[in-house]
file model16.csv (CSV, C-alpha atoms)
chain,number,residue,atom,x,y,z
A,1,ASP,CA,0.0,0.0,0.0
A,2,ALA,CA,1.1,3.5,-0.7
A,3,MET,CA,2.1,5.1,2.6
A,4,VAL,CA,4.3,7.3,4.7
A,5,ILE,CA,7.1,5.3,6.5
A,6,GLN,CA,9.1,6.6,9.4
A,7,ASN,CA,12.3,5.0,10.6
A,8,PRO,CA,13.2,4.1,13.2
A,9,ARG,CA,10.0,3.8,15.3
A,10,TYR,CA,12.0,4.3,18.5
A,11,GLN,CA,15.2,6.2,18.8
A,12,VAL,CA,17.4,6.6,21.9
A,13,THR,CA,20.1,9.2,21.7
A,14,GLN,CA,22.6,10.7,24.1
A,15,PHE,CA,22.3,14.3,25.2
A,16,GLY,CA,24.1,16.5,22.7
A,17,LYS,CA,24.7,13.7,20.1
A,18,PRO,CA,23.4,14.5,16.7
A,19,VAL,CA,20.5,12.3,15.5
A,20,THR,CA,18.7,12.0,12.2
A,21,LEU,CA,15.1,10.8,11.7
A,22,SER,CA,13.9,9.7,8.3
A,23,CYS,CA,10.6,9.7,6.5
A,24,SER,CA,9.8,8.2,3.1
A,25,GLN,CA,6.6,8.2,1.0
A,26,THR,CA,5.3,6.3,-1.9
A,27,LEU,CA,2.4,8.7,-2.5
A,28,ASN,CA,4.4,11.1,-4.7
A,29,HIS,CA,3.0,14.0,-2.7
A,30,ASN,CA,4.7,17.3,-3.2
A,31,VAL,CA,4.4,18.6,0.4
A,32,MET,CA,6.1,17.0,3.4
A,33,TYR,CA,5.8,18.1,7.0
A,34,TRP,CA,7.6,17.5,10.3
A,35,TYR,CA,5.7,17.8,13.5
A,36,GLN,CA,6.9,17.5,17.1
A,37,GLN,CA,4.4,16.1,19.6
A,38,LYS,CA,5.2,16.1,23.3
A,39,SER,CA,3.3,13.9,25.8
A,40,SER,CA,-0.4,14.8,26.0
A,41,GLN,CA,0.0,17.8,23.6
A,42,ALA,CA,-1.1,18.6,20.1
A,43,PRO,CA,1.3,18.1,17.3
A,44,LYS,CA,3.4,21.3,16.6
A,45,LEU,CA,4.6,22.1,13.1
A,46,LEU,CA,8.4,22.5,12.9
A,47,PHE,CA,8.8,23.0,9.1
A,48,HIS,CA,7.6,21.8,5.8
A,49,TYR,CA,8.8,21.4,2.2
A,50,TYR,CA,6.7,22.4,-0.8
A,51,ASP,CA,8.6,20.5,-3.4
A,52,LYS,CA,12.1,21.8,-2.8
A,53,ASP,CA,11.1,25.0,-1.1
A,54,PHE,CA,11.8,24.9,2.6
A,55,ASN,CA,9.4,26.7,5.0
A,56,ASN,CA,10.5,27.0,8.6
A,57,GLU,CA,8.2,27.9,11.4
A,58,ALA,CA,9.2,31.1,13.2
A,59,ASP,CA,9.5,29.4,16.6
A,60,THR,CA,11.4,26.3,15.5
A,61,PRO,CA,14.7,26.2,17.3
A,62,ASP,CA,17.9,26.4,15.2
A,63,ASN,CA,18.8,23.0,16.6
A,64,PHE,CA,16.3,21.5,14.2
A,65,GLN,CA,17.1,21.2,10.5
A,66,SER,CA,15.7,19.3,7.6
A,67,ARG,CA,16.7,17.9,4.2
A,68,ARG,CA,14.7,16.7,1.3
A,69,PRO,CA,17.0,15.2,-1.3
A,70,ASN,CA,14.2,14.0,-3.5
A,71,THR,CA,10.4,13.8,-3.6
A,72,SER,CA,10.3,10.5,-1.7
A,73,PHE,CA,12.5,11.3,1.3
A,74,CYS,CA,12.8,13.8,4.0
A,75,PHE,CA,15.1,13.9,7.0
A,76,LEU,CA,14.9,15.7,10.4
A,77,ASP,CA,18.3,16.4,11.9
A,78,ILE,CA,18.6,17.4,15.5
A,79,ARG,CA,22.1,18.8,15.9
A,80,SER,CA,22.5,18.7,19.7
A,81,PRO,CA,19.5,17.0,21.3
A,82,GLY,CA,18.5,18.2,24.8
A,83,LEU,CA,16.3,16.5,27.3
A,84,GLY,CA,13.5,18.8,26.2
A,85,ASP,CA,13.6,17.4,22.7
A,86,ALA,CA,12.3,14.1,23.8
A,87,ALA,CA,9.0,13.7,21.9
A,88,MET,CA,7.2,11.9,19.1
A,89,TYR,CA,8.2,13.2,15.7
A,90,LEU,CA,5.6,12.9,13.1
A,91,CYS,CA,6.1,13.1,9.3
A,92,ALA,CA,3.1,13.9,7.1
A,93,THR,CA,2.6,14.4,3.4
A,94,SER,CA,0.0,16.0,1.2
A,95,ASN,CA,-0.7,16.8,-2.4
A,96,ARG,CA,-3.6,19.1,-1.7
A,97,PRO,CA,-3.1,20.3,1.9
A,98,ASN,CA,-6.7,21.5,2.2
A,99,TYR,CA,-7.8,17.9,1.8
A,100,GLY,CA,-5.8,16.6,4.7
A,101,TYR,CA,-2.5,15.0,5.4
A,102,THR,CA,-1.3,11.4,5.5
A,103,PHE,CA,0.8,10.8,8.6
A,104,GLY,CA,3.5,8.2,9.3
A,105,SER,CA,3.5,6.1,12.5
A,106,GLY,CA,6.0,8.5,14.1
A,107,THR,CA,9.4,8.1,15.7
A,108,ARG,CA,9.5,8.3,19.5
A,109,LEU,CA,12.8,10.0,20.5
A,110,THR,CA,14.3,9.5,23.9
A,111,VAL,CA,17.2,11.6,25.1
A,112,VAL,CA,19.4,10.2,27.8
B,1,ALA,CA,-4.9,33.5,12.4
B,2,GLN,CA,-6.6,30.2,12.6
B,3,SER,CA,-7.1,28.3,15.8
B,4,VAL,CA,-9.1,25.3,17.3
B,5,THR,CA,-10.5,24.9,20.7
B,6,GLN,CA,-11.3,21.5,22.2
B,7,LEU,CA,-12.7,22.0,25.7
B,8,GLY,CA,-11.8,19.4,28.3
B,9,SER,CA,-9.1,16.9,28.0
B,10,HIS,CA,-10.9,13.6,28.7
B,11,VAL,CA,-14.3,12.2,27.9
B,12,SER,CA,-15.5,8.8,29.3
B,13,VAL,CA,-18.6,7.0,27.9
B,14,SER,CA,-20.0,3.5,28.3
B,15,GLU,CA,-19.9,1.1,25.5
B,16,GLY,CA,-22.9,1.6,23.3
B,17,ALA,CA,-23.5,5.2,24.4
B,18,LEU,CA,-23.4,8.3,22.3
B,19,VAL,CA,-20.0,9.8,21.7
B,20,LEU,CA,-19.8,13.6,21.4
B,21,LEU,CA,-16.5,15.4,21.1
B,22,ARG,CA,-16.6,19.2,20.8
B,23,CYS,CA,-14.6,21.4,18.5
B,24,ASN,CA,-14.8,25.1,17.9
B,25,TYR,CA,-12.7,27.0,15.4
B,26,SER,CA,-11.6,30.4,14.6
B,27,SER,CA,-10.6,31.4,11.0
B,28,SER,CA,-10.6,34.6,9.1
B,29,VAL,CA,-11.6,32.8,5.9
B,30,PRO,CA,-13.9,29.8,5.2
B,31,PRO,CA,-12.1,27.0,6.9
B,32,TYR,CA,-11.3,23.4,6.1
B,33,LEU,CA,-11.8,21.2,9.1
B,34,PHE,CA,-10.6,17.8,10.1
B,35,TRP,CA,-10.8,15.2,12.8
B,36,TYR,CA,-7.9,12.9,13.4
B,37,VAL,CA,-7.6,9.9,15.7
B,38,GLN,CA,-4.4,8.8,17.4
B,39,TYR,CA,-3.9,5.4,19.1
B,40,PRO,CA,-1.0,5.0,21.5
B,41,ASN,CA,2.4,5.3,19.9
B,42,GLN,CA,0.9,5.7,16.5
B,43,GLY,CA,0.6,8.5,13.9
B,44,LEU,CA,-2.6,10.3,13.2
B,45,GLN,CA,-5.3,8.8,11.1
B,46,LEU,CA,-7.8,11.0,9.3
B,47,LEU,CA,-11.4,10.3,10.5
B,48,LEU,CA,-13.2,12.8,8.3
B,49,LYS,CA,-12.9,16.3,6.7
B,50,TYR,CA,-15.1,19.2,5.8
B,51,THR,CA,-14.0,21.0,2.6
B,52,SER,CA,-17.0,23.3,1.9
B,53,ALA,CA,-19.3,20.7,0.4
B,54,ALA,CA,-22.0,19.0,2.5
B,55,THR,CA,-22.1,20.3,6.1
B,56,LEU,CA,-22.8,16.9,7.5
B,57,VAL,CA,-19.7,14.8,7.0
B,58,LYS,CA,-19.5,11.1,7.4
B,59,GLY,CA,-16.2,9.4,8.2
B,60,ILE,CA,-14.6,6.1,9.0
B,61,ASN,CA,-15.6,3.8,11.9
B,62,GLY,CA,-19.1,5.2,12.1
B,63,PHE,CA,-18.1,8.8,13.0
B,64,GLU,CA,-19.7,11.9,11.6
B,65,ALA,CA,-19.4,15.7,12.2
B,66,GLU,CA,-21.5,18.6,11.4
B,67,PHE,CA,-20.1,22.0,10.3
B,68,LYS,CA,-22.1,24.9,11.8
B,69,LYS,CA,-20.9,28.2,10.6
B,70,SER,CA,-23.2,30.2,12.9
B,71,GLU,CA,-21.7,28.4,15.9
B,72,THR,CA,-18.1,28.1,14.5
B,73,SER,CA,-18.3,24.4,15.5
B,74,PHE,CA,-17.4,21.1,14.1
B,75,HIS,CA,-18.4,18.5,16.7
B,76,LEU,CA,-17.7,14.8,16.3
B,77,THR,CA,-20.3,12.2,17.1
B,78,LYS,CA,-20.8,8.5,17.0
B,79,PRO,CA,-24.2,7.0,17.9
B,80,SER,CA,-22.8,3.9,19.7
B,81,ALA,CA,-19.3,3.8,21.3
B,82,HIS,CA,-17.2,0.7,20.9
B,83,MET,CA,-14.2,-0.3,23.0
B,84,SER,CA,-11.9,0.1,20.0
B,85,ASP,CA,-12.8,3.8,19.9
B,86,ALA,CA,-10.7,4.5,22.9
B,87,ALA,CA,-8.0,6.9,21.6
B,88,GLU,CA,-6.9,10.5,21.4
B,89,TYR,CA,-8.9,12.7,19.0
B,90,PHE,CA,-7.7,15.9,17.5
B,91,CYS,CA,-9.7,18.6,15.7
B,92,ALA,CA,-7.7,20.6,13.1
B,93,VAL,CA,-8.2,23.6,10.9
B,94,SER,CA,-6.6,24.7,7.7
B,95,GLU,CA,-7.1,27.7,5.4
B,96,SER,CA,-6.9,27.7,1.6
B,97,GLY,CA,-3.6,28.1,-0.3
B,98,ALA,CA,-0.8,25.9,-1.4
B,99,ASN,CA,1.2,26.6,1.7
B,100,SER,CA,-1.7,26.1,4.0
B,101,LYS,CA,-0.9,24.4,7.3
B,102,LEU,CA,-2.9,22.3,9.7
B,103,THR,CA,-3.4,23.8,13.2
B,104,PHE,CA,-4.4,21.2,15.8
B,105,GLY,CA,-6.5,21.5,18.9
B,106,LYS,CA,-4.9,20.1,22.1
B,107,GLY,CA,-6.8,16.9,21.7
B,108,ILE,CA,-9.4,14.9,23.8
B,109,THR,CA,-8.8,11.4,25.2
B,110,LEU,CA,-11.8,9.2,24.8
B,111,SER,CA,-12.3,6.3,27.3
B,112,VAL,CA,-14.9,3.6,26.8
B,113,ARG,CA,-16.2,1.7,29.8
B,114,PRO,CA,-17.4,-1.9,29.4
call {"tool": "encode", "arguments": {"input": "model16.csv", "output": "structure tokens"}}
result
Amino acid sequence: DAMVIQNPRYQVTQFGKPVTLSCSQTLNHNVMYWYQQKSSQAPKLLFHYYDKDFNNEADTPDNFQSRRPNTSFCFLDIRSPGLGDAAMYLCATSNRPNYGYTFGSGTRLTVV
Amino acid sequence: AQSVTQLGSHVSVSEGALVLLRCNYSSSVPPYLFWYVQYPNQGLQLLLKYTSAATLVKGINGFEAEFKKSETSFHLTKPSAHMSDAAEYFCAVSESGANSKLTFGKGITLSVRP
């Protein structure tokens, strides 16, 4: 089935050690999003790509960066993870954003 | 700016009872509205969406929602709750445009009692 796949499902990283989360899609959607969701909170948009155009949210920390080498893949890089970055990270895609997004299963990041 | 309000954080119903989860929105232009469901340690799954067609929208798993412009509401209902409905439910709003973004409410946890 066409879908959005996030790897890994669970990631443990050390405080300050760079970590990369990946997202791939077989839907050929032109927009890809990264959301951060902390425990019992709503997902918070970090940034999104419209094709190759990168759109950063104003309050996304500089510690968070993203790459989209092609239509199918998008990466979230956390340069120096802090304890406060522990969260579920959700990738989503859309071809027509007003018709909803397709989400991956998420990567739960633990920082030790 | 667009926003969504979901009052309360937890709703508990008995199996077979009516489910009603409330959502009110704020938008400067006609909105697109969505309900998503999230099971533990999973991503979000689209339940249903309102995109300016019929005001009563039917979704998956027996859920439906009615768009009421006069009340700026988009409440989610299901006539008879099932144990498998226990999950987190998020209402979200989006405005038109290629770079439109989903803004989520804080979510409501639904518990279903046997």
call {"tool": "closest_residue", "arguments": {"input": "model16.csv", "among": "B:Ala53, B:Ile108, B:Val37, B:Leu44", "to": "chain A", "atoms": "only C-alpha atoms"}}
result
B:Leu44
call {"tool": "atom_distance", "arguments": {"input": "model16.csv", "atom1": "atom CA of B:Thr109", "atom2": "atom CA of B:Ser80"}}
result
16.8 Å
call {"tool": "residues_around", "arguments": {"input": "model16.csv", "residues": "A:Gln36", "least_positions_apart": "2", "cutoff": "7 Å", "atoms": "all atoms listed in the file", "output": "PDB file with C-alpha atoms, in the coordinates of the input"}}
result
ATOM      1  CA  TRP A  34       7.600  17.500  10.300  1.00  0.00           C
ATOM      2  CA  LYS A  38       5.200  16.100  23.300  1.00  0.00           C
ATOM      3  CA  PRO A  43       1.300  18.100  17.300  1.00  0.00           C
ATOM      4  CA  LYS A  44       3.400  21.300  16.600  1.00  0.00           C
ATOM      5  CA  LEU A  45       4.600  22.100  13.100  1.00  0.00           C
ATOM      6  CA  LEU A  46       8.400  22.500  12.900  1.00  0.00           C
ATOM      7  CA  ALA A  87       9.000  13.700  21.900  1.00  0.00           C
ATOM      8  CA  MET A  88       7.200  11.900  19.100  1.00  0.00           C
ATOM      9  CA  TYR A  89       8.200  13.200  15.700  1.00  0.00           C
ATOM     10  CA  LEU A  90       5.600  12.900  13.100  1.00  0.00           C
TER      11      LEU A  90
END
call {"tool": "closest_atom_pairs", "arguments": {"input": "model16.csv", "of": "chain A", "to": "chain B", "cutoff": "12 Å", "atoms": "only C-alpha atoms", "output": "CSV"}}
result
residue,atom,partner,partner_atom,distance
A:Met3,CA,B:Gln45,CA,11.9
A:Val4,CA,B:Gly43,CA,10.0
A:Ile5,CA,B:Gly43,CA,10.4
A:Gln6,CA,B:Gly43,CA,9.8
A:Arg9,CA,B:Asn41,CA,9.0
A:Tyr10,CA,B:Asn41,CA,9.8
A:Asn30,CA,B:Ala98,CA,10.4
A:Val31,CA,B:Asn99,CA,8.7
A:Met32,CA,B:Lys101,CA,10.9
A:Tyr33,CA,B:Lys101,CA,9.2
A:Trp34,CA,B:Lys101,CA,11.4
A:Tyr35,CA,B:Leu102,CA,10.4
A:Gln36,CA,B:Gly43,CA,11.4
A:Gln37,CA,B:Gly43,CA,10.2
A:Lys38,CA,B:Lys106,CA,10.9
A:Ser39,CA,B:Asn41,CA,10.5
A:Ser40,CA,B:Lys106,CA,8.0
A:Gln41,CA,B:Lys106,CA,5.6
A:Ala42,CA,B:Lys106,CA,4.5
A:Pro43,CA,B:Phe104,CA,6.7
A:Lys44,CA,B:Phe104,CA,7.8
A:Leu45,CA,B:Thr103,CA,8.2
A:Leu46,CA,B:Lys101,CA,11.0
A:Phe47,CA,B:Lys101,CA,10.0
A:His48,CA,B:Asn99,CA,9.0
A:Tyr49,CA,B:Asn99,CA,9.2
A:Tyr50,CA,B:Asn99,CA,7.4
A:Asp51,CA,B:Asn99,CA,10.9
A:Asp53,CA,B:Asn99,CA,10.4
A:Phe54,CA,B:Asn99,CA,10.8
A:Asn55,CA,B:Asn99,CA,8.8
A:Asn56,CA,B:Asn99,CA,11.6
A:Glu57,CA,B:Lys101,CA,10.6
A:Ala87,CA,B:Asn41,CA,10.9
A:Met88,CA,B:Asn41,CA,8.2
A:Tyr89,CA,B:Gly43,CA,9.1
A:Leu90,CA,B:Gly43,CA,6.7
A:Cys91,CA,B:Gly43,CA,8.5
A:Ala92,CA,B:Gly43,CA,9.0
A:Thr93,CA,B:Lys101,CA,11.3
A:Ser94,CA,B:Ala98,CA,10.3
A:Asn95,CA,B:Ala98,CA,9.2
A:Arg96,CA,B:Ala98,CA,7.4
A:Pro97,CA,B:Ser100,CA,6.3
A:Asn98,CA,B:Ser96,CA,6.2
A:Tyr99,CA,B:Thr51,CA,7.0
A:Gly100,CA,B:Phe34,CA,7.3
A:Tyr101,CA,B:Leu46,CA,7.7
A:Thr102,CA,B:Gln45,CA,7.4
A:Phe103,CA,B:Leu44,CA,5.7
A:Gly104,CA,B:Gly43,CA,5.4
A:Ser105,CA,B:Gly43,CA,4.0
A:Gly106,CA,B:Gly43,CA,5.4
A:Thr107,CA,B:Asn41,CA,8.6
A:Arg108,CA,B:Asn41,CA,7.7
A:Leu109,CA,B:Asn41,CA,11.4
call {"tool": "atom_distance", "arguments": {"input": "model16.csv", "atom1": "atom CA of B:Ala65", "atom2": "atom CA of B:Asp85"}}
result
15.6 Å
call {"tool": "atom_distance", "arguments": {"input": "model16.csv", "atom1": "atom CA of B:Val57", "atom2": "atom CA of B:Pro114"}}
result
28.0 Å
